[in-house]
file my_file36.tsv (TSV, N, CA and C atoms)
chain	number	residue	atom	x	y	z
A	1	MET	N	-57.30	162.41	94.91
A	1	MET	CA	-56.33	161.53	94.30
A	1	MET	C	-57.03	160.60	93.31
A	2	ILE	N	-56.35	160.26	92.23
A	2	ILE	CA	-56.88	159.34	91.23
A	2	ILE	C	-56.34	157.95	91.55
A	3	ALA	N	-57.21	156.99	91.61
A	3	ALA	CA	-56.77	155.62	91.86
A	3	ALA	C	-56.09	155.10	90.60
A	4	SER	N	-54.88	154.59	90.72
A	4	SER	CA	-54.17	154.05	89.56
A	4	SER	C	-54.83	152.75	89.14
A	5	ALA	N	-55.26	152.70	87.90
A	5	ALA	CA	-55.88	151.49	87.36
A	5	ALA	C	-54.80	150.63	86.72
A	6	GLU	N	-55.09	149.37	86.53
A	6	GLU	CA	-54.15	148.49	85.85
A	6	GLU	C	-53.96	148.99	84.42
A	7	PRO	N	-52.73	148.89	83.90
A	7	PRO	CA	-52.50	149.31	82.52
A	7	PRO	C	-53.35	148.48	81.57
A	8	LEU	N	-53.73	149.09	80.46
A	8	LEU	CA	-54.48	148.37	79.42
A	8	LEU	C	-53.58	147.33	78.79
A	9	ALA	N	-54.16	146.26	78.28
A	9	ALA	CA	-53.38	145.20	77.67
A	9	ALA	C	-52.51	145.71	76.54
A	10	ALA	N	-52.99	146.72	75.83
A	10	ALA	CA	-52.24	147.24	74.68
A	10	ALA	C	-51.17	148.25	75.07
A	11	ALA	N	-51.02	148.55	76.34
A	11	ALA	CA	-50.11	149.61	76.76
A	11	ALA	C	-48.66	149.33	76.39
A	12	ASP	N	-48.25	148.08	76.24
A	12	ASP	CA	-46.88	147.77	75.91
A	12	ASP	C	-46.61	147.86	74.41
A	13	GLU	N	-47.64	148.00	73.60
A	13	GLU	CA	-47.47	148.11	72.15
A	13	GLU	C	-47.18	149.55	71.80
A	14	ALA	N	-46.84	149.81	70.54
A	14	ALA	CA	-46.66	151.17	70.09
A	14	ALA	C	-47.97	151.92	70.26
A	15	PHE	N	-47.87	153.25	70.46
A	15	PHE	CA	-49.08	154.04	70.68
A	15	PHE	C	-50.09	153.88	69.56
A	16	ASP	N	-49.64	153.89	68.31
A	16	ASP	CA	-50.61	153.81	67.22
A	16	ASP	C	-51.34	152.48	67.23
A	17	ALA	N	-50.66	151.39	67.56
A	17	ALA	CA	-51.32	150.08	67.64
A	17	ALA	C	-52.27	150.03	68.83
A	18	ALA	N	-51.90	150.69	69.92
A	18	ALA	CA	-52.73	150.68	71.12
A	18	ALA	C	-53.96	151.56	70.98
A	19	LEU	N	-53.84	152.67	70.26
A	19	LEU	CA	-54.90	153.66	70.24
A	19	LEU	C	-55.75	153.68	68.98
A	20	LEU	N	-55.20	153.23	67.86
A	20	LEU	CA	-55.91	153.33	66.58
A	20	LEU	C	-56.36	151.97	66.08
A	21	ASP	N	-57.55	151.94	65.51
A	21	ASP	CA	-58.05	150.74	64.83
A	21	ASP	C	-57.13	150.44	63.66
A	22	PRO	N	-56.82	149.16	63.39
A	22	PRO	CA	-55.94	148.83	62.26
A	22	PRO	C	-56.47	149.35	60.92
A	23	ASP	N	-57.77	149.54	60.80
A	23	ASP	CA	-58.36	150.06	59.56
A	23	ASP	C	-58.57	151.57	59.61
A	24	SER	N	-57.93	152.24	60.54
A	24	SER	CA	-58.09	153.67	60.70
A	24	SER	C	-57.67	154.42	59.45
A	25	PRO	N	-58.40	155.49	59.09
A	25	PRO	CA	-58.03	156.28	57.92
A	25	PRO	C	-56.93	157.31	58.21
A	26	VAL	N	-56.23	157.15	59.33
A	26	VAL	CA	-55.10	158.02	59.65
A	26	VAL	C	-53.91	157.18	60.07
A	27	ALA	N	-52.72	157.76	59.92
A	27	ALA	CA	-51.49	157.15	60.43
A	27	ALA	C	-50.90	158.12	61.44
A	28	MET	N	-50.48	157.60	62.59
A	28	MET	CA	-49.88	158.46	63.60
A	28	MET	C	-48.47	158.83	63.18
A	29	LEU	N	-48.11	160.09	63.37
A	29	LEU	CA	-46.78	160.58	63.06
A	29	LEU	C	-46.04	160.82	64.38
A	30	GLY	N	-44.99	160.08	64.63
A	30	GLY	CA	-44.22	160.24	65.86
A	30	GLY	C	-44.99	159.79	67.09
A	31	GLU	N	-44.47	160.17	68.23
A	31	GLU	CA	-45.09	159.81	69.51
A	31	GLU	C	-45.93	160.98	70.00
A	32	PRO	N	-47.05	160.69	70.64
A	32	PRO	CA	-47.84	161.79	71.21
A	32	PRO	C	-47.11	162.43	72.38
A	33	THR	N	-47.47	163.65	72.70
A	33	THR	CA	-46.94	164.30	73.90
A	33	THR	C	-48.03	164.32	74.96
A	34	GLY	N	-47.61	164.23	76.22
A	34	GLY	CA	-48.56	164.27	77.32
A	34	GLY	C	-49.25	162.96	77.62
A	35	VAL	N	-48.73	161.85	77.06
A	35	VAL	CA	-49.32	160.53	77.27
A	35	VAL	C	-48.23	159.62	77.85
A	36	PHE	N	-48.52	159.00	78.99
A	36	PHE	CA	-47.59	158.07	79.61
A	36	PHE	C	-47.68	156.70	78.93
A	37	ASP	N	-46.67	155.85	79.12
A	37	ASP	CA	-46.64	154.52	78.50
A	37	ASP	C	-47.85	153.66	78.86
A	38	ASP	N	-48.41	153.86	80.07
A	38	ASP	CA	-49.58	153.07	80.48
A	38	ASP	C	-50.90	153.77	80.11
A	39	LEU	N	-50.80	154.78	79.25
A	39	LEU	CA	-51.93	155.49	78.64
A	39	LEU	C	-52.67	156.45	79.58
A	40	TRP	N	-52.10	156.77	80.75
A	40	TRP	CA	-52.59	157.90	81.52
A	40	TRP	C	-52.23	159.15	80.73
A	41	VAL	N	-53.10	160.15	80.76
A	41	VAL	CA	-52.90	161.35	79.95
A	41	VAL	C	-52.85	162.58	80.85
A	42	ARG	N	-51.89	163.45	80.58
A	42	ARG	CA	-51.77	164.72	81.29
A	42	ARG	C	-52.92	165.65	80.89
A	43	GLN	N	-52.98	166.79	81.53
A	43	GLN	CA	-54.04	167.75	81.22
A	43	GLN	C	-53.99	168.20	79.77
A	44	HIS	N	-52.78	168.30	79.21
A	44	HIS	CA	-52.63	168.72	77.82
A	44	HIS	C	-51.85	167.65	77.07
A	45	ALA	N	-52.43	167.13	75.99
A	45	ALA	CA	-51.77	166.12	75.17
A	45	ALA	C	-51.91	166.53	73.70
A	46	ALA	N	-50.99	166.05	72.87
A	46	ALA	CA	-51.06	166.36	71.44
A	46	ALA	C	-50.67	165.13	70.63
A	47	PHE	N	-51.36	164.94	69.52
A	47	PHE	CA	-51.14	163.81	68.61
A	47	PHE	C	-51.04	164.36	67.19
A	48	SER	N	-50.11	163.83	66.41
A	48	SER	CA	-49.99	164.23	65.00
A	48	SER	C	-50.32	163.05	64.10
A	49	PHE	N	-51.00	163.34	62.99
A	49	PHE	CA	-51.48	162.29	62.08
A	49	PHE	C	-51.30	162.71	60.63
A	50	ARG	N	-51.35	161.72	59.75
A	50	ARG	CA	-51.48	161.93	58.31
A	50	ARG	C	-52.79	161.25	57.91
A	51	ALA	N	-53.67	162.03	57.27
A	51	ALA	CA	-54.95	161.48	56.82
A	51	ALA	C	-54.74	160.64	55.57
A	52	GLN	N	-55.31	159.45	55.54
A	52	GLN	CA	-55.24	158.59	54.36
A	52	GLN	C	-56.42	158.87	53.43
A	53	GLY	N	-57.43	159.56	53.94
A	53	GLY	CA	-58.62	159.94	53.20
A	53	GLY	C	-59.22	161.14	53.91
A	54	ALA	N	-60.37	161.61	53.45
A	54	ALA	CA	-61.02	162.74	54.11
A	54	ALA	C	-61.51	162.33	55.50
A	55	ILE	N	-61.28	163.19	56.48
A	55	ILE	CA	-61.69	162.95	57.86
A	55	ILE	C	-62.74	164.00	58.22
A	56	THR	N	-63.85	163.55	58.80
A	56	THR	CA	-64.90	164.49	59.19
A	56	THR	C	-65.24	164.43	60.69
A	57	ALA	N	-64.74	163.42	61.38
A	57	ALA	CA	-65.05	163.30	62.80
A	57	ALA	C	-63.98	162.47	63.51
A	58	MET	N	-63.87	162.70	64.81
A	58	MET	CA	-62.94	161.95	65.64
A	58	MET	C	-63.66	161.55	66.92
A	59	SER	N	-63.39	160.34	67.40
A	59	SER	CA	-63.92	159.92	68.69
A	59	SER	C	-62.75	159.62	69.63
A	60	VAL	N	-62.95	159.92	70.89
A	60	VAL	CA	-61.96	159.65	71.94
A	60	VAL	C	-62.64	158.74	72.95
A	61	GLU	N	-62.11	157.52	73.11
A	61	GLU	CA	-62.61	156.63	74.14
A	61	GLU	C	-61.69	156.78	75.34
A	62	LEU	N	-62.28	157.02	76.51
A	62	LEU	CA	-61.46	157.27	77.70
A	62	LEU	C	-62.15	156.78	78.95
A	63	TRP	N	-61.35	156.64	79.99
A	63	TRP	CA	-61.87	156.34	81.33
A	63	TRP	C	-61.59	157.55	82.19
A	64	THR	N	-62.63	158.02	82.88
A	64	THR	CA	-62.47	159.17	83.76
A	64	THR	C	-62.49	158.69	85.21
A	65	PRO	N	-61.56	159.15	86.01
A	65	PRO	CA	-61.56	158.77	87.43
A	65	PRO	C	-62.80	159.30	88.15
A	66	PRO	N	-63.23	158.62	89.21
A	66	PRO	CA	-64.41	159.07	89.96
A	66	PRO	C	-64.28	160.50	90.49
A	67	GLU	N	-63.05	160.90	90.80
A	67	GLU	CA	-62.84	162.24	91.36
A	67	GLU	C	-62.93	163.33	90.30
A	68	ALA	N	-62.99	162.98	89.04
A	68	ALA	CA	-62.97	163.96	87.93
A	68	ALA	C	-64.38	164.42	87.59
A	69	ASP	N	-65.09	164.96	88.56
A	69	ASP	CA	-66.47	165.37	88.32
A	69	ASP	C	-66.58	166.88	88.52
A	70	PRO	N	-66.89	167.65	87.54
A	70	PRO	CA	-67.20	167.23	86.17
A	70	PRO	C	-65.92	167.05	85.35
A	71	PHE	N	-65.95	166.13	84.39
A	71	PHE	CA	-64.82	165.93	83.49
A	71	PHE	C	-65.15	166.59	82.16
A	72	VAL	N	-64.28	167.48	81.72
A	72	VAL	CA	-64.46	168.12	80.41
A	72	VAL	C	-63.18	167.94	79.61
A	73	LEU	N	-63.36	167.75	78.31
A	73	LEU	CA	-62.23	167.57	77.41
A	73	LEU	C	-62.45	168.40	76.16
A	74	ALA	N	-61.49	169.27	75.87
A	74	ALA	CA	-61.54	170.10	74.67
A	74	ALA	C	-60.63	169.50	73.62
A	75	VAL	N	-61.04	169.62	72.36
A	75	VAL	CA	-60.21	169.21	71.23
A	75	VAL	C	-59.94	170.45	70.40
A	76	ARG	N	-58.67	170.63	70.07
A	76	ARG	CA	-58.27	171.77	69.25
A	76	ARG	C	-57.49	171.24	68.05
A	77	LEU	N	-57.88	171.65	66.87
A	77	LEU	CA	-57.18	171.32	65.63
A	77	LEU	C	-56.68	172.63	65.07
A	78	GLU	N	-55.38	172.71	64.83
A	78	GLU	CA	-54.66	173.90	64.37
A	78	GLU	C	-55.50	175.16	64.15
A	79	HIS	N	-56.24	175.27	63.06
A	79	HIS	CA	-56.94	176.52	62.75
A	79	HIS	C	-58.45	176.43	62.91
A	80	GLU	N	-58.90	175.46	63.68
A	80	GLU	CA	-60.33	175.26	63.90
A	80	GLU	C	-60.70	175.73	65.30
A	81	PRO	N	-61.97	176.09	65.51
A	81	PRO	CA	-62.39	176.45	66.87
A	81	PRO	C	-62.33	175.23	67.80
A	82	GLU	N	-62.06	175.50	69.05
A	82	GLU	CA	-62.00	174.44	70.07
A	82	GLU	C	-63.41	173.91	70.33
A	83	THR	N	-63.51	172.59	70.49
A	83	THR	CA	-64.79	171.94	70.81
A	83	THR	C	-64.65	171.30	72.18
A	84	ILE	N	-65.60	171.57	73.08
A	84	ILE	CA	-65.54	171.07	74.45
A	84	ILE	C	-66.73	170.15	74.71
A	85	LEU	N	-66.44	168.95	75.23
A	85	LEU	CA	-67.49	168.00	75.62
A	85	LEU	C	-67.22	167.54	77.05
A	86	SER	N	-68.25	166.98	77.69
A	86	SER	CA	-68.07	166.45	79.05
A	86	SER	C	-68.41	164.97	79.08
A	87	ALA	N	-67.91	164.30	80.11
A	87	ALA	CA	-68.14	162.87	80.29
A	87	ALA	C	-68.42	162.61	81.77
A	88	PRO	N	-69.19	161.57	82.08
A	88	PRO	CA	-69.44	161.25	83.49
A	88	PRO	C	-68.18	160.74	84.17
A	89	ALA	N	-67.99	161.12	85.41
A	89	ALA	CA	-66.82	160.67	86.17
A	89	ALA	C	-66.95	159.20	86.54
A	90	GLY	N	-65.82	158.50	86.57
A	90	GLY	CA	-65.78	157.11	87.01
A	90	GLY	C	-66.28	156.11	85.99
A	91	HIS	N	-66.34	156.49	84.73
A	91	HIS	CA	-66.87	155.62	83.68
A	91	HIS	C	-66.01	155.65	82.43
A	92	ILE	N	-66.23	154.69	81.57
A	92	ILE	CA	-65.67	154.72	80.23
A	92	ILE	C	-66.66	155.49	79.36
A	93	ALA	N	-66.15	156.41	78.56
A	93	ALA	CA	-67.01	157.23	77.71
A	93	ALA	C	-66.37	157.34	76.33
A	94	ILE	N	-67.21	157.57	75.34
A	94	ILE	CA	-66.74	157.85	73.99
A	94	ILE	C	-67.27	159.22	73.61
A	95	LEU	N	-66.35	160.15	73.40
A	95	LEU	CA	-66.71	161.51	73.04
A	95	LEU	C	-66.49	161.69	71.54
A	96	GLN	N	-67.49	162.23	70.85
A	96	GLN	CA	-67.43	162.43	69.39
A	96	GLN	C	-67.23	163.91	69.08
A	97	TYR	N	-66.20	164.20	68.30
A	97	TYR	CA	-65.88	165.58	67.94
A	97	TYR	C	-65.92	165.76	66.42
A	98	PRO	N	-66.48	166.88	65.94
A	98	PRO	CA	-66.36	167.18	64.51
A	98	PRO	C	-64.91	167.58	64.23
A	99	LEU	N	-64.38	167.12	63.12
A	99	LEU	CA	-62.99	167.42	62.79
A	99	LEU	C	-62.84	167.23	61.28
A	100	TYR	N	-62.26	168.18	60.62
A	100	TYR	CA	-62.07	168.03	59.18
A	100	TYR	C	-60.58	168.04	58.84
A	101	ALA	N	-60.16	167.02	58.10
A	101	ALA	CA	-58.80	166.96	57.56
A	101	ALA	C	-58.90	166.47	56.13
A	102	ALA	N	-58.23	167.15	55.23
A	102	ALA	CA	-58.24	166.78	53.81
A	102	ALA	C	-57.41	165.52	53.61
A	103	PRO	N	-57.73	164.75	52.56
A	103	PRO	CA	-56.94	163.55	52.27
A	103	PRO	C	-55.45	163.88	52.12
A	104	PHE	N	-54.62	163.04	52.72
A	104	PHE	CA	-53.16	163.12	52.66
A	104	PHE	C	-52.57	164.35	53.35
A	105	SER	N	-53.39	165.05	54.13
A	105	SER	CA	-52.87	166.19	54.90
A	105	SER	C	-52.29	165.68	56.22
A	106	GLU	N	-51.41	166.47	56.79
A	106	GLU	CA	-50.87	166.18	58.11
A	106	GLU	C	-51.48	167.18	59.07
A	107	PHE	N	-51.89	166.71	60.24
A	107	PHE	CA	-52.54	167.58	61.20
A	107	PHE	C	-52.20	167.15	62.62
A	108	THR	N	-52.32	168.09	63.54
A	108	THR	CA	-52.08	167.84	64.96
A	108	THR	C	-53.33	168.20	65.73
A	109	ILE	N	-53.75	167.30	66.60
A	109	ILE	CA	-54.87	167.60	67.49
A	109	ILE	C	-54.34	167.74	68.91
A	110	GLU	N	-54.93	168.65	69.64
A	110	GLU	CA	-54.62	168.82	71.05
A	110	GLU	C	-55.83	168.40	71.86
A	111	LEU	N	-55.60	167.62	72.90
A	111	LEU	CA	-56.64	167.24	73.86
A	111	LEU	C	-56.34	167.98	75.16
A	112	ILE	N	-57.30	168.76	75.63
A	112	ILE	CA	-57.07	169.58	76.81
A	112	ILE	C	-58.16	169.29	77.84
A	113	ALA	N	-57.78	168.65	78.93
A	113	ALA	CA	-58.73	168.33	80.01
A	113	ALA	C	-58.90	169.54	80.92
A	114	GLY	N	-60.02	169.57	81.61
A	114	GLY	CA	-60.29	170.67	82.52
A	114	GLY	C	-59.33	170.74	83.69
A	115	ALA	N	-58.80	169.60	84.12
A	115	ALA	CA	-57.88	169.56	85.27
A	115	ALA	C	-57.14	168.23	85.27
A	116	GLU	N	-56.07	168.18	86.04
A	116	GLU	CA	-55.38	166.91	86.29
A	116	GLU	C	-55.15	166.79	87.78
A	117	ARG	N	-54.94	165.54	88.23
A	117	ARG	CA	-54.76	165.29	89.65
A	117	ARG	C	-53.56	164.39	89.89
A	118	GLN	N	-53.10	164.40	91.12
A	118	GLN	CA	-52.01	163.53	91.54
A	118	GLN	C	-52.51	162.09	91.56
A	119	LEU	N	-51.78	161.16	90.94
A	119	LEU	CA	-52.13	159.74	91.03
A	119	LEU	C	-51.85	159.26	92.44
A	120	ASP	N	-52.42	158.12	92.82
A	120	ASP	CA	-52.21	157.58	94.16
A	120	ASP	C	-50.75	157.23	94.41
A	121	ALA	N	-50.32	157.42	95.65
A	121	ALA	CA	-48.95	157.06	96.06
A	121	ALA	C	-48.74	155.57	95.85
A	122	PRO	N	-47.58	155.14	95.49
A	122	PRO	CA	-46.35	155.93	95.40
A	122	PRO	C	-46.17	156.61	94.04
A	123	ASP	N	-47.15	156.55	93.17
A	123	ASP	CA	-47.05	157.16	91.84
A	123	ASP	C	-47.04	158.68	91.98
A	124	GLN	N	-45.99	159.32	91.52
A	124	GLN	CA	-45.85	160.77	91.67
A	124	GLN	C	-46.34	161.56	90.46
A	125	ARG	N	-46.89	160.86	89.46
A	125	ARG	CA	-47.33	161.55	88.25
A	125	ARG	C	-48.65	162.28	88.46
A	126	ARG	N	-48.88	163.25	87.62
A	126	ARG	CA	-50.16	163.95	87.56
A	126	ARG	C	-50.81	163.59	86.24
A	127	ALA	N	-52.10	163.31	86.27
A	127	ALA	CA	-52.81	162.91	85.06
A	127	ALA	C	-54.29	163.29	85.19
A	128	ALA	N	-54.99	163.30	84.05
A	128	ALA	CA	-56.39	163.71	84.03
A	128	ALA	C	-57.33	162.54	83.74
A	129	TYR	N	-56.90	161.61	82.87
A	129	TYR	CA	-57.76	160.50	82.46
A	129	TYR	C	-56.89	159.43	81.82
A	130	LYS	N	-57.51	158.32	81.49
A	130	LYS	CA	-56.80	157.23	80.82
A	130	LYS	C	-57.43	157.06	79.44
A	131	ILE	N	-56.63	157.18	78.41
A	131	ILE	CA	-57.14	157.06	77.04
A	131	ILE	C	-57.21	155.60	76.65
A	132	ARG	N	-58.27	155.22	75.95
A	132	ARG	CA	-58.46	153.83	75.53
A	132	ARG	C	-58.46	153.67	74.03
A	133	GLY	N	-58.72	154.76	73.29
A	133	GLY	CA	-58.70	154.66	71.85
A	133	GLY	C	-59.07	155.96	71.17
A	134	LEU	N	-58.62	156.09	69.92
A	134	LEU	CA	-58.97	157.21	69.06
A	134	LEU	C	-59.58	156.65	67.78
A	135	GLY	N	-60.66	157.22	67.33
A	135	GLY	CA	-61.29	156.79	66.10
A	135	GLY	C	-61.49	157.95	65.16
A	136	PHE	N	-61.38	157.69	63.87
A	136	PHE	CA	-61.56	158.72	62.85
A	136	PHE	C	-62.46	158.18	61.74
A	137	CYS	N	-63.29	159.05	61.19
A	137	CYS	CA	-64.09	158.68	60.03
A	137	CYS	C	-64.31	159.89	59.16

call {"tool": "encode", "arguments": {"input": "my_file36.tsv", "output": "structure tokens"}}
result
Amino acid sequence: MIASAEPLAAADEAFDAALLDPDSPVAMLGEPTGVFDDLWVRQHAAFSFRAQGAITAMSVELWTPPEADPFVLAVRLEHEPETILSAPAGHIAILQYPLYAAPFSEFTIELIAGAERQLDAPDQRRAAYKIRGLGFC
């Protein structure tokens, strides 16, 4: 079971304000799928963006539950090969992924965790990790 952590302070804000730096070179399009309001993330999540400039990399800041050992997260961008990285369980980690998006293009990224688990009772949701931020450069 994953211990439910307190929601992040930004969890009540819009997803883009909670997850993206105000100076981010991308704008979020719509709401992500697979992400709960308190930023717990299902095994499969997807985010859509519009690039404001050329994008060459993406970082995902996340917290992995202690039970998520080993924790692996794959990133898939439409026509690009999937990239898989791992993070230590029970810690905050920042995973850096290569990602290319042309200026002013719209793109969708998929985040795919190796597994998800039942949150602690009475929470009936299943989730894999808690997302803390997305960065692009």

call {"tool": "residues_around", "arguments": {"input": "my_file36.tsv", "residues": "Pro66 (chain A)", "least_positions_apart": "5", "cutoff": "6.5 Å", "atoms": "all atoms listed in the file", "output": "list in words"}}
result
Ala89, Gly90 and His91 of chain A

call {"tool": "write_last_selection", "arguments": {"input": "my_file36.tsv", "atoms": "N, CA and C atoms", "output": "PDB file, in the frame of the given file"}}
result
ATOM      1  N   ALA A  89     -67.990 161.120  85.410  1.00  0.00           N
ATOM      2  CA  ALA A  89     -66.820 160.670  86.170  1.00  0.00           C
ATOM      3  C   ALA A  89     -66.950 159.200  86.540  1.00  0.00           C
ATOM      4  N   GLY A  90     -65.820 158.500  86.570  1.00  0.00           N
ATOM      5  CA  GLY A  90     -65.780 157.110  87.010  1.00  0.00           C
ATOM      6  C   GLY A  90     -66.280 156.110  85.990  1.00  0.00           C
ATOM      7  N   HIS A  91     -66.340 156.490  84.730  1.00  0.00           N
ATOM      8  CA  HIS A  91     -66.870 155.620  83.680  1.00  0.00           C
ATOM      9  C   HIS A  91     -66.010 155.650  82.430  1.00  0.00           C
TER      10      HIS A  91
END

call {"tool": "residues_near_point", "arguments": {"input": "my_file36.tsv", "point": "(-56.0, 170.6, 66.3)", "cutoff": "6.5 Å", "atoms": "all atoms listed in the file", "output": "list in words"}}
result
Val75, Arg76, Leu77, Glu78, His79, Glu80, Phe107, Thr108, Ile109 and Glu110 of chain A

call {"tool": "write_last_selection", "arguments": {"input": "my_file36.tsv", "atoms": "N, CA and C atoms", "output": "PDB file, keeping the file's coordinate frame"}}
result
ATOM      1  N   VAL A  75     -61.040 169.620  72.360  1.00  0.00           N
ATOM      2  CA  VAL A  75     -60.210 169.210  71.230  1.00  0.00           C
ATOM      3  C   VAL A  75     -59.940 170.450  70.400  1.00  0.00           C
ATOM      4  N   ARG A  76     -58.670 170.630  70.070  1.00  0.00           N
ATOM      5  CA  ARG A  76     -58.270 171.770  69.250  1.00  0.00           C
ATOM      6  C   ARG A  76     -57.490 171.240  68.050  1.00  0.00           C
ATOM      7  N   LEU A  77     -57.880 171.650  66.870  1.00  0.00           N
ATOM      8  CA  LEU A  77     -57.180 171.320  65.630  1.00  0.00           C
ATOM      9  C   LEU A  77     -56.680 172.630  65.070  1.00  0.00           C
ATOM     10  N   GLU A  78     -55.380 172.710  64.830  1.00  0.00           N
ATOM     11  CA  GLU A  78     -54.660 173.900  64.370  1.00  0.00           C
ATOM     12  C   GLU A  78     -55.500 175.160  64.150  1.00  0.00           C
ATOM     13  N   HIS A  79     -56.240 175.270  63.060  1.00  0.00           N
ATOM     14  CA  HIS A  79     -56.940 176.520  62.750  1.00  0.00           C
ATOM     15  C   HIS A  79     -58.450 176.430  62.910  1.00  0.00           C
ATOM     16  N   GLU A  80     -58.900 175.460  63.680  1.00  0.00           N
ATOM     17  CA  GLU A  80     -60.330 175.260  63.900  1.00  0.00           C
ATOM     18  C   GLU A  80     -60.700 175.730  65.300  1.00  0.00           C
ATOM     19  N   PHE A 107     -51.890 166.710  60.240  1.00  0.00           N
ATOM     20  CA  PHE A 107     -52.540 167.580  61.200  1.00  0.00           C
ATOM     21  C   PHE A 107     -52.200 167.150  62.620  1.00  0.00           C
ATOM     22  N   THR A 108     -52.320 168.090  63.540  1.00  0.00           N
ATOM     23  CA  THR A 108     -52.080 167.840  64.960  1.00  0.00           C
ATOM     24  C   THR A 108     -53.330 168.200  65.730  1.00  0.00           C
ATOM     25  N   ILE A 109     -53.750 167.300  66.600  1.00  0.00           N
ATOM     26  CA  ILE A 109     -54.870 167.600  67.490  1.00  0.00           C
ATOM     27  C   ILE A 109     -54.340 167.740  68.910  1.00  0.00           C
ATOM     28  N   GLU A 110     -54.930 168.650  69.640  1.00  0.00           N
ATOM     29  CA  GLU A 110     -54.620 168.820  71.050  1.00  0.00           C
ATOM     30  C   GLU A 110     -55.830 168.400  71.860  1.00  0.00           C
TER      31      GLU A 110
END

call {"tool": "closest_residue", "arguments": {"input": "my_file36.tsv", "among": "A:Leu111, A:Asp123, A:Leu20, A:Gln118", "to": "Gly34 (chain A)", "atoms": "only C-alpha atoms"}}
result
A:Leu111

call {"tool": "select_by_dssp", "arguments": {"input": "my_file36.tsv", "residues": "region 7-88 of chain A", "states": "strand (DSSP E)", "output": "JSON, numbers by chain"}}
result
{"A": [26, 27, 28, 33, 34, 35, 40, 41, 42, 43, 44, 45, 46, 47, 48, 49, 50, 51, 55, 56, 57, 58, 59, 60, 61, 62, 63, 71, 72, 73, 74, 75, 76, 77, 83, 84, 85, 86, 87]}

call {"tool": "atom_distance", "arguments": {"input": "my_file36.tsv", "atom1": "atom C of Phe49 (chain A)", "atom2": "atom C of Gly114 (chain A)"}}
result
25.7 Å

call {"tool": "closest_residue", "arguments": {"input": "my_file36.tsv", "among": "A:Thr33, A:Glu61, A:Asp21, A:Val41", "to": "Arg126 (chain A)", "atoms": "all atoms listed in the file"}}
result
A:Val41

call {"tool": "atom_distance", "arguments": {"input": "my_file36.tsv", "atom1": "CA of Leu73 (chain A)", "atom2": "CA of Ala113 (chain A)"}}
result
4.4 Å

call {"tool": "select_by_dssp", "arguments": {"input": "my_file36.tsv", "residues": "chain A", "states": "alpha helix (DSSP H)", "output": "PyMOL selection string"}}
result
chain A and resi 15-19

call {"tool": "write_last_selection", "arguments": {"input": "my_file36.tsv", "atoms": "N, CA and C atoms", "output": "mmCIF file, in the frame of the given file"}}
result
data_model
loop_
_atom_site.group_PDB
_atom_site.id
_atom_site.type_symbol
_atom_site.label_atom_id
_atom_site.label_comp_id
_atom_site.auth_asym_id
_atom_site.auth_seq_id
_atom_site.Cartn_x
_atom_site.Cartn_y
_atom_site.Cartn_z
ATOM 1 N N PHE A 15 -47.870 153.250 70.460
ATOM 2 C CA PHE A 15 -49.080 154.040 70.680
ATOM 3 C C PHE A 15 -50.090 153.880 69.560
ATOM 4 N N ASP A 16 -49.640 153.890 68.310
ATOM 5 C CA ASP A 16 -50.610 153.810 67.220
ATOM 6 C C ASP A 16 -51.340 152.480 67.230
ATOM 7 N N ALA A 17 -50.660 151.390 67.560
ATOM 8 C CA ALA A 17 -51.320 150.080 67.640
ATOM 9 C C ALA A 17 -52.270 150.030 68.830
ATOM 10 N N ALA A 18 -51.900 150.690 69.920
ATOM 11 C CA ALA A 18 -52.730 150.680 71.120
ATOM 12 C C ALA A 18 -53.960 151.560 70.980
ATOM 13 N N LEU A 19 -53.840 152.670 70.260
ATOM 14 C CA LEU A 19 -54.900 153.660 70.240
ATOM 15 C C LEU A 19 -55.750 153.680 68.980
#

call {"tool": "atom_distance", "arguments": {"input": "my_file36.tsv", "atom1": "CA of Ile94 (chain A)", "atom2": "atom C of Ala68 (chain A)"}}
result
15.3 Å

call {"tool": "residues_near_point", "arguments": {"input": "my_file36.tsv", "point": "(-56.9, 156.9, 50.8)", "cutoff": "8 Å", "atoms": "only C-alpha atoms", "output": "number ranges by chain"}}
result
A: 25, 51-54, 103-104

call {"tool": "write_last_selection", "arguments": {"input": "my_file36.tsv", "atoms": "N, CA and C atoms", "output": "PDB file, in the frame of the given file"}}
result
ATOM      1  N   PRO A  25     -58.400 155.490  59.090  1.00  0.00           N
ATOM      2  CA  PRO A  25     -58.030 156.280  57.920  1.00  0.00           C
ATOM      3  C   PRO A  25     -56.930 157.310  58.210  1.00  0.00           C
ATOM      4  N   ALA A  51     -53.670 162.030  57.270  1.00  0.00           N
ATOM      5  CA  ALA A  51     -54.950 161.480  56.820  1.00  0.00           C
ATOM      6  C   ALA A  51     -54.740 160.640  55.570  1.00  0.00           C
ATOM      7  N   GLN A  52     -55.310 159.450  55.540  1.00  0.00           N
ATOM      8  CA  GLN A  52     -55.240 158.590  54.360  1.00  0.00           C
ATOM      9  C   GLN A  52     -56.420 158.870  53.430  1.00  0.00           C
ATOM     10  N   GLY A  53     -57.430 159.560  53.940  1.00  0.00           N
ATOM     11  CA  GLY A  53     -58.620 159.940  53.200  1.00  0.00           C
ATOM     12  C   GLY A  53     -59.220 161.140  53.910  1.00  0.00           C
ATOM     13  N   ALA A  54     -60.370 161.610  53.450  1.00  0.00           N
ATOM     14  CA  ALA A  54     -61.020 162.740  54.110  1.00  0.00           C
ATOM     15  C   ALA A  54     -61.510 162.330  55.500  1.00  0.00           C
ATOM     16  N   PRO A 103     -57.730 164.750  52.560  1.00  0.00           N
ATOM     17  CA  PRO A 103     -56.940 163.550  52.270  1.00  0.00           C
ATOM     18  C   PRO A 103     -55.450 163.880  52.120  1.00  0.00           C
ATOM     19  N   PHE A 104     -54.620 163.040  52.720  1.00  0.00           N
ATOM     20  CA  PHE A 104     -53.160 163.120  52.660  1.00  0.00           C
ATOM     21  C   PHE A 104     -52.570 164.350  53.350  1.00  0.00           C
TER      22      PHE A 104
END

call {"tool": "closest_residue", "arguments": {"input": "my_file36.tsv", "among": "A:Ile92, A:Met28, A:Ala127, A:Ile112", "to": "Trp63 (chain A)", "atoms": "all atoms listed in the file"}}
result
A:Ile92
